[in-house]
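**Student:** File follows, input-v7.cif with mmCIF, C-alpha atoms:
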```
data_input
#
loop_
_atom_site.label_atom_id
_atom_site.label_comp_id
_atom_site.auth_asym_id
_atom_site.auth_seq_id
_atom_site.Cartn_x
_atom_site.Cartn_y
_atom_site.Cartn_z
CA MET M 169 0.00 0.00 0.00
CA THR M 170 1.42 3.32 -1.00
CA THR M 171 0.60 6.66 0.47
CA SER M 172 0.07 9.59 -1.81
CA GLU M 173 2.27 12.58 -1.30
CA PRO M 174 0.51 15.68 -0.04
CA SER M 175 -0.35 18.02 -2.87
CA SER M 176 1.48 21.30 -2.95
CA PRO M 177 -0.59 24.26 -1.79
CA VAL M 178 -2.30 26.15 -4.58
CA ASP M 179 -1.28 29.77 -5.08
CA PRO M 180 -4.60 31.41 -6.08
CA LEU M 181 -2.87 34.45 -7.55
CA ARG M 182 -0.60 32.35 -9.74
CA GLU M 183 -3.56 30.13 -10.64
CA SER M 184 -5.52 33.18 -11.79
CA VAL M 185 -2.65 34.05 -14.12
CA ALA M 186 -2.74 30.51 -15.53
CA VAL M 187 -6.52 30.65 -16.04
CA MET M 188 -6.24 33.95 -17.90
CA ASP M 189 -3.47 32.51 -20.04
CA ARG M 190 -5.67 29.54 -20.96
CA LEU M 191 -8.63 31.79 -21.80
CA TYR M 192 -6.61 34.04 -24.11
CA SER M 193 -4.48 31.35 -25.74
CA PRO M 194 -5.49 29.62 -29.00
CA GLY M 195 -8.16 27.06 -28.21
CA GLY M 196 -9.40 29.13 -25.29
CA CYS M 197 -12.33 31.54 -25.25
CA PRO M 198 -13.06 33.05 -28.71
CA TRP M 199 -14.42 36.27 -27.20
CA ASP M 200 -11.40 36.75 -24.96
CA ARG M 201 -9.07 36.12 -27.89
CA GLU M 202 -10.69 38.94 -29.88
CA GLN M 203 -10.17 41.57 -27.20
CA THR M 204 -7.57 44.33 -27.32
CA HIS M 205 -6.36 46.94 -24.86
CA GLU M 206 -8.73 49.40 -26.52
CA THR M 207 -11.85 47.21 -26.39
CA LEU M 208 -11.29 46.50 -22.70
CA VAL M 209 -11.07 50.14 -21.59
CA ARG M 210 -14.80 50.49 -20.94
CA TYR M 211 -14.81 47.33 -18.81
CA LEU M 212 -11.84 48.60 -16.82
CA LEU M 213 -13.67 51.84 -16.05
CA GLU M 214 -16.90 50.02 -15.20
CA GLU M 215 -15.16 47.69 -12.76
CA ALA M 216 -13.36 50.58 -11.07
CA HIS M 217 -16.66 52.43 -10.59
CA GLU M 218 -18.40 49.30 -9.30
CA LEU M 219 -15.61 48.76 -6.78
CA ALA M 220 -15.88 52.39 -5.63
CA GLU M 221 -19.62 51.95 -5.13
CA ALA M 222 -19.16 48.75 -3.13
CA ILE M 223 -16.62 50.50 -0.88
CA GLU M 224 -18.75 53.58 -0.33
CA THR M 225 -21.90 51.58 0.42
CA GLY M 226 -20.14 49.21 2.82
CA ASP M 227 -20.82 46.14 0.66
CA ARG M 228 -18.03 43.82 1.80
CA ALA M 229 -19.07 40.90 -0.41
CA GLY M 230 -19.40 43.23 -3.37
CA MET M 231 -16.02 44.77 -2.59
CA ARG M 232 -14.36 41.36 -2.62
CA GLU M 233 -16.01 40.47 -5.92
CA GLU M 234 -15.21 43.79 -7.60
CA LEU M 235 -11.58 43.63 -6.48
CA GLY M 236 -11.43 40.29 -8.28
CA ASP M 237 -13.01 41.81 -11.39
CA LEU M 238 -10.47 44.62 -11.31
CA LEU M 239 -7.66 42.09 -10.91
CA LEU M 240 -9.02 40.32 -13.98
CA GLN M 241 -8.52 43.50 -15.97
CA VAL M 242 -4.87 43.65 -14.88
CA LEU M 243 -4.32 40.01 -15.84
CA PHE M 244 -6.19 40.44 -19.13
CA HIS M 245 -4.21 43.50 -20.24
CA ALA M 246 -0.92 41.91 -19.22
CA ARG M 247 -1.75 38.73 -21.15
CA ILE M 248 -2.57 40.75 -24.28
CA ALA M 249 0.62 42.75 -23.83
CA SER M 250 2.70 39.57 -23.68
CA GLU M 251 2.04 39.03 -27.41
CA ASP M 252 2.84 42.56 -28.53
CA PRO M 253 5.34 42.28 -31.40
CA VAL M 254 7.15 45.51 -30.56
CA ASP M 255 7.10 45.95 -26.78
CA PRO M 256 5.89 42.79 -25.01
CA PHE M 257 5.64 42.50 -21.24
CA THR M 258 4.03 40.06 -18.82
CA VAL M 259 2.17 40.29 -15.54
CA ASP M 260 5.46 39.43 -13.81
CA ASP M 261 7.03 42.49 -15.43
CA VAL M 262 4.12 44.60 -14.21
CA ALA M 263 4.52 43.27 -10.66
CA ALA M 264 8.30 43.74 -10.72
CA ASP M 265 7.93 47.36 -11.86
CA LEU M 266 5.39 47.97 -9.10
CA VAL M 267 7.64 46.53 -6.40
CA ALA M 268 10.60 48.58 -7.60
CA LYS M 269 8.51 51.76 -7.67
CA LEU M 270 7.06 51.26 -4.20
CA VAL M 271 10.49 50.60 -2.71
CA ARG M 272 12.03 53.54 -4.57
CA ARG M 273 9.30 55.96 -3.48
CA HIS M 274 9.40 54.92 0.18
CA PRO M 275 13.04 55.43 1.18
CA HIS M 276 11.89 56.22 4.73
CA VAL M 277 10.69 52.60 4.94
CA PHE M 278 13.15 50.63 2.81
CA ALA M 279 16.26 52.80 3.23
CA ASP M 280 17.90 54.87 5.94
CA THR M 281 16.14 58.08 4.99
CA ALA M 282 14.63 60.06 7.84
CA VAL M 283 11.50 62.07 7.20
CA ALA M 284 9.76 64.57 9.45
CA THR M 285 6.45 63.54 11.01
CA GLY M 286 3.65 65.40 12.72
CA ASP M 287 3.25 67.97 9.95
CA GLY M 288 0.25 66.45 8.22
CA HIS M 289 2.60 64.32 6.10
CA ALA M 290 3.83 67.43 4.28
CA ALA M 291 7.40 66.09 4.32
CA LEU M 292 6.23 62.76 2.91
CA TYR M 293 4.34 64.52 0.12
CA ALA M 294 7.39 66.63 -0.70
CA GLN M 295 9.63 63.56 -0.77
CA TRP M 296 7.14 61.68 -2.98
CA ASP M 297 6.87 64.59 -5.41
CA GLN M 298 10.64 64.98 -5.57
CA ILE M 299 11.17 61.30 -6.36
CA LYS M 300 8.43 61.35 -9.01
CA GLN M 301 9.99 64.42 -10.59
CA GLN M 302 13.34 62.65 -10.78
CA GLU M 303 11.65 59.66 -12.42
CA LYS M 304 9.39 61.47 -14.87
CA GLN M 305 11.40 64.63 -15.60
CA ARG M 306 8.16 66.55 -16.01
CA GLU M 307 8.21 70.23 -16.92
CA SER M 308 4.79 71.02 -15.45
CA VAL M 309 2.84 69.90 -12.39
CA LEU M 310 -0.07 69.22 -14.75
CA GLU M 311 1.75 66.52 -16.70
CA GLY M 312 0.42 63.05 -15.96
CA ILE M 313 -3.11 64.15 -15.09
CA PRO M 314 -5.29 62.19 -17.54
CA LEU M 315 -7.53 64.32 -19.74
CA ALA M 316 -10.07 61.47 -19.87
CA GLN M 317 -10.68 61.79 -16.14
CA GLY M 318 -14.02 63.25 -15.10
CA ALA M 319 -13.95 67.03 -14.75
CA LEU M 320 -14.68 66.98 -11.01
CA ALA M 321 -11.95 64.47 -10.17
CA ARG M 322 -9.56 66.20 -12.56
CA ALA M 323 -10.24 69.55 -10.90
CA GLN M 324 -9.30 68.05 -7.54
CA LYS M 325 -6.06 66.71 -8.98
CA VAL M 326 -5.13 70.00 -10.65
CA LEU M 327 -5.80 72.03 -7.49
CA SER M 328 -3.93 69.54 -5.31
CA ARG M 329 -0.90 69.45 -7.61
CA ALA M 330 -0.83 73.24 -7.86
CA GLU M 331 -1.06 73.69 -4.09
CA ARG M 332 1.75 71.23 -3.40
CA ALA M 333 3.91 72.89 -6.07
CA GLY M 334 3.41 76.30 -4.47
CA VAL M 335 1.43 77.77 -7.35
CA GLY M 336 -2.03 77.32 -5.87
CA ALA M 337 -2.70 81.06 -5.85
CA VAL M 338 -3.10 81.16 -9.62
CA THR M 339 -6.02 78.71 -9.48
CA SER M 340 -8.24 81.19 -7.66
CA GLY M 341 -8.68 83.35 -10.73
CA SER M 342 -8.39 83.29 -14.49
CA GLY M 343 -6.97 86.28 -16.28
CA PRO M 344 -6.97 89.82 -14.90
CA THR M 345 -10.36 89.42 -13.19
CA THR M 346 -10.60 86.88 -10.40
CA GLU M 347 -14.31 87.37 -9.77
CA PRO M 348 -16.42 85.47 -12.32
CA PRO M 349 -19.54 87.13 -13.67
CA SER M 350 -22.68 86.39 -11.72
CA VAL M 351 -24.86 83.54 -12.90
CA PRO M 352 -28.19 84.94 -14.11
CA THR M 353 -31.44 83.49 -12.83
CA LEU M 354 -33.61 82.21 -15.66
CA ALA M 355 -37.29 81.42 -15.67
CA PRO M 356 -38.19 77.70 -15.90
CA GLY M 357 -37.69 76.54 -19.48
CA GLU M 358 -35.95 79.76 -20.51
CA ALA M 359 -32.81 79.21 -22.56
CA ARG M 360 -29.88 81.53 -22.11
CA PRO M 361 -28.46 83.14 -25.24
CA GLY M 362 -26.10 81.02 -27.30
CA ARG M 363 -26.84 77.74 -25.52
CA GLY M 364 -29.59 75.78 -27.20
CA ALA M 365 -31.93 78.73 -27.77
CA ALA M 366 -34.36 78.20 -30.61
CA SER M 367 -33.35 79.80 -33.88
CA SER M 368 -35.25 80.18 -37.10
CA GLY M 369 -32.09 80.66 -39.14
CA THR M 370 -29.89 77.95 -40.57
CA VAL M 371 -26.25 77.92 -41.49
CA GLY M 372 -25.17 75.51 -44.18
CA GLY M 373 -28.40 73.56 -43.78
CA ALA M 374 -27.93 73.08 -40.01
CA ALA M 375 -29.85 74.85 -37.30
CA ALA M 376 -27.87 77.38 -35.31
CA GLY M 377 -28.72 75.49 -32.11
CA ASP M 378 -27.24 72.30 -33.61
CA GLN M 379 -24.05 74.09 -34.54
CA ASP M 380 -23.80 75.41 -31.00
CA GLU M 381 -23.59 71.85 -29.68
CA ASN M 382 -20.37 71.29 -31.65
CA ARG M 383 -18.88 74.74 -31.22
CA THR M 384 -15.20 75.24 -30.52
CA ALA M 385 -15.46 78.95 -29.69
CA PRO M 386 -14.67 80.14 -26.15
CA VAL M 387 -17.40 79.51 -23.58
CA ASP M 388 -19.80 82.35 -22.89
CA ALA M 389 -19.80 84.35 -19.67
CA THR M 390 -22.58 82.36 -18.01
CA GLU M 391 -20.96 79.00 -18.67
CA ARG M 392 -17.64 80.34 -17.44
CA ALA M 393 -19.34 81.58 -14.27
CA TYR M 394 -20.77 78.14 -13.56
CA GLY M 395 -17.36 76.60 -14.18
CA ARG M 396 -15.63 78.96 -11.76
CA GLU M 397 -18.35 78.36 -9.17
CA LEU M 398 -17.94 74.58 -9.43
CA LEU M 399 -14.17 74.93 -9.20
CA ASP M 400 -14.56 77.02 -6.06
CA VAL M 401 -16.74 74.29 -4.50
CA VAL M 402 -13.99 71.74 -5.20
CA ARG M 403 -11.41 74.09 -3.68
CA ARG M 404 -13.46 74.54 -0.49
CA ALA M 405 -14.05 70.80 -0.24
CA GLN M 406 -10.32 70.11 -0.44
CA ALA M 407 -9.63 72.73 2.20
CA ASP M 408 -12.08 70.89 4.49
CA GLY M 409 -10.54 67.50 3.72
CA VAL M 410 -13.55 66.35 1.69
CA ASP M 411 -13.30 64.44 -1.58
CA ALA M 412 -15.76 66.29 -3.80
CA GLU M 413 -16.29 63.33 -6.13
CA THR M 414 -17.17 61.04 -3.21
CA ALA M 415 -19.42 63.68 -1.66
CA LEU M 416 -21.30 64.19 -4.91
CA ARG M 417 -21.76 60.45 -5.41
CA GLY M 418 -23.13 60.17 -1.87
CA ALA M 419 -25.58 63.01 -2.41
CA LEU M 420 -26.65 61.48 -5.71
CA ARG M 421 -27.29 58.12 -4.04
CA GLU M 422 -29.57 59.88 -1.54
CA VAL M 423 -31.51 61.45 -4.40
CA GLU M 424 -31.77 58.10 -6.17
CA ARG M 425 -33.08 56.43 -3.02
CA ALA M 426 -35.67 59.17 -2.63
CA ILE M 427 -36.76 58.73 -6.25
CA VAL M 428 -37.11 54.97 -5.85
CA ALA M 429 -39.04 55.43 -2.59
CA THR M 430 -41.41 57.86 -4.29
CA GLU M 431 -41.91 55.53 -7.25
CA THR M 432 -42.56 52.60 -4.92
CA SER M 433 -45.06 54.61 -2.92
CA ALA M 434 -46.84 55.79 -6.06
CA SER M 435 -47.16 52.27 -7.45
CA ALA M 436 -48.33 50.72 -4.18
CA PRO M 437 -52.01 49.66 -4.19
CA ARG M 438 -54.28 52.06 -2.39
CA GLY M 439 -56.34 50.51 0.39
#
```
So that I can check it, write out the structure of this file as structure tokens.
**Tutor:**
Amino acid sequence: MTTSEPSSPVDPLRESVAVMDRLYSPGGCPWDREQTHETLVRYLLEEAHELAEAIETGDRAGMREELGDLLLQVLFHARIASEDPVDPFTVDDVAADLVAKLVRRHPHVFADTAVATGDGHAALYAQWDQIKQQEKQRESVLEGIPLAQGALARAQKVLSRAERAGVGAVTSGSGPTTEPPSVPTLAPGEARPGRGAASSGTVGGAAAGDQDENRTAPVDATERAYGRELLDVVRRAQADGVDAETALRGALREVERAIVATETSASAPRG
């Protein structure tokens, strides 16, 4: 009688890499095989938003699931990249780069570099920014902020970068006048000039209102005023330690719950 040797413990992370490799390889899943970095972008964004929602609503099971879905995106992109004919890399390369970056940017943990504490982490931020500047050789604090990011989140990043770089004062105004024009109060249904107002004239066969939707001319005074007002809200939120994007999502969830409650009440049978 022979005794079987104990099986080696399974490494779930390494197994997930193997499963993704099988799915994308010839003979695997046809749909997976057709995907590219570009076709997966929308799924990457969706999974990130779903994870954020699970975190903010305290859904622990959902958080665990969405973290897995986000990990899938990392594995998927790395597997696709491994077959790039010009610049291939694997998930191991991605992990190695991450480890090197984390160690490099935390010399106060992995090296004998002392950093001041008790100042709201200002010294840590300064050290982080200095190391990033050495790595990236950027000429502007705005470099590296993705243009595809939502305007609210991007505004927070721009203001934060400017403040830490010591140029935050310039964000409080635009041009010679720092006070934006006041936002006019319109009657319900009233369109402000130049923004979707009805027009009987046409230009080149297209209604003037339609052309306005695709305009590239500078924004009008009212739109600029709203923009400056929104930017000021973001600035005040940051000063109070509030993430404006998170706050807005929370407020929106409250509105959505109220709408659903109203709809449920309206559809309930009357006794």
**Student:** Within 6 Å of (-5.0, 46.8, -27.2) (file coordinates; all atoms listed in the file), which protein or nucleic acid residues are there? I'd like them as a list in words.
**Tutor:** Thr204, His205 and Glu206 of chain M
**Student:** Have a look at CA of His274 (chain M) and CA of Gln305 (chain M) and let me know their distance in Å, one decimal.
**Tutor:**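 So the answer is 18.6 Å.
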**Student:** Could you tell me how far CA of Glu218 (chain M) lies from CA of Val178 (chain M), in Å and to one decimal?
**Tutor:**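 Between CA of Glu218 (chain M) and CA of Val178 (chain M) the gap is 28.6 Å.
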**Student:** Residues around (0.5, 44.9, -17.5), cut-off 10 Å, counting all atoms listed in the file - what are they as number ranges by chain?
**Tutor:** M: 241-250, 256-263, 265
**Student:** Within 10 Å of region 413-424 of chain M, counting only C-alpha atoms, which residues show up once you throw out same-chain ones fewer than 5 positions away? Write them as a PyMOL selection string, please.
**Tutor:** chain M and resi 220-221+224-225+318-324+402+405+429-430
**Student:** Quick one: apply the PyMOL selection byres ((chain M and resi 294) around 12) to the file and drop the selected residues here as a list in words.
**Tutor:**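 Answer for the PyMOL selection byres ((chain M and resi 294) around 12): Arg273, His274, Val283, Ala284, Asp287, Gly288, His289, Ala290, Ala291, Leu292, Tyr293, Gln295, Trp296, Asp297, Gln298, Ile299, Lys300, Gln301, Arg329, Glu331, Arg332, Ala333 and Gly334 of chain M.
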**Student:** In Å, rounded to a single decimal, give me how far CA of Leu238 (chain M) is from CA of Leu212 (chain M).
**Tutor:** 6.9 Å
**Student:** Please rebuild region 310-327 of chain M with N, CA and C atoms and return the result as an mmCIF file, keeping the file's coordinate frame.
**Tutor:**
```
data_model
loop_
_atom_site.group_PDB
_atom_site.id
_atom_site.type_symbol
_atom_site.label_atom_id
_atom_site.label_comp_id
_atom_site.auth_asym_id
_atom_site.auth_seq_id
_atom_site.Cartn_x
_atom_site.Cartn_y
_atom_site.Cartn_z
ATOM 1 N N LEU M 310 1.149 69.746 -14.132
ATOM 2 C CA LEU M 310 -0.070 69.220 -14.750
ATOM 3 C C LEU M 310 0.188 67.966 -15.576
ATOM 4 N N GLU M 311 1.438 67.700 -15.898
ATOM 5 C CA GLU M 311 1.750 66.520 -16.700
ATOM 6 C C GLU M 311 1.408 65.256 -15.918
ATOM 7 N N GLY M 312 0.784 64.308 -16.606
ATOM 8 C CA GLY M 312 0.420 63.050 -15.960
ATOM 9 C C GLY M 312 -0.996 63.014 -15.447
ATOM 10 N N ILE M 313 -1.704 64.145 -15.480
ATOM 11 C CA ILE M 313 -3.110 64.150 -15.090
ATOM 12 C C ILE M 313 -3.927 63.786 -16.330
ATOM 13 N N PRO M 314 -4.602 62.642 -16.327
ATOM 14 C CA PRO M 314 -5.290 62.190 -17.540
ATOM 15 C C PRO M 314 -6.442 63.104 -17.947
ATOM 16 N N LEU M 315 -6.467 63.465 -19.222
ATOM 17 C CA LEU M 315 -7.530 64.320 -19.740
ATOM 18 C C LEU M 315 -8.868 63.587 -19.768
ATOM 19 N N ALA M 316 -8.830 62.250 -19.816
ATOM 20 C CA ALA M 316 -10.070 61.470 -19.870
ATOM 21 C C ALA M 316 -10.758 61.385 -18.514
ATOM 22 N N GLN M 317 -10.091 61.827 -17.473
ATOM 23 C CA GLN M 317 -10.680 61.790 -16.140
ATOM 24 C C GLN M 317 -11.865 62.737 -16.062
ATOM 25 N N GLY M 318 -12.865 62.380 -15.272
ATOM 26 C CA GLY M 318 -14.020 63.250 -15.100
ATOM 27 C C GLY M 318 -13.595 64.627 -14.631
ATOM 28 N N ALA M 319 -14.348 65.652 -15.038
ATOM 29 C CA ALA M 319 -13.950 67.030 -14.750
ATOM 30 C C ALA M 319 -13.821 67.296 -13.259
ATOM 31 N N LEU M 320 -14.715 66.725 -12.448
ATOM 32 C CA LEU M 320 -14.680 66.980 -11.010
ATOM 33 C C LEU M 320 -13.418 66.382 -10.390
ATOM 34 N N ALA M 321 -13.143 65.115 -10.705
ATOM 35 C CA ALA M 321 -11.950 64.470 -10.170
ATOM 36 C C ALA M 321 -10.681 65.130 -10.702
ATOM 37 N N ARG M 322 -10.729 65.541 -11.960
ATOM 38 C CA ARG M 322 -9.560 66.200 -12.560
ATOM 39 C C ARG M 322 -9.305 67.552 -11.905
ATOM 40 N N ALA M 323 -10.383 68.259 -11.578
ATOM 41 C CA ALA M 323 -10.240 69.550 -10.900
ATOM 42 C C ALA M 323 -9.544 69.367 -9.556
ATOM 43 N N GLN M 324 -9.930 68.320 -8.830
ATOM 44 C CA GLN M 324 -9.300 68.050 -7.540
ATOM 45 C C GLN M 324 -7.807 67.804 -7.707
ATOM 46 N N LYS M 325 -7.460 67.040 -8.742
ATOM 47 C CA LYS M 325 -6.060 66.710 -8.980
ATOM 48 C C LYS M 325 -5.260 67.945 -9.354
ATOM 49 N N VAL M 326 -5.821 68.781 -10.216
ATOM 50 C CA VAL M 326 -5.130 70.000 -10.650
ATOM 51 C C VAL M 326 -4.893 70.923 -9.454
ATOM 52 N N LEU M 327 -5.929 71.141 -8.645
ATOM 53 C CA LEU M 327 -5.800 72.030 -7.490
ATOM 54 C C LEU M 327 -4.796 71.481 -6.480
#
```
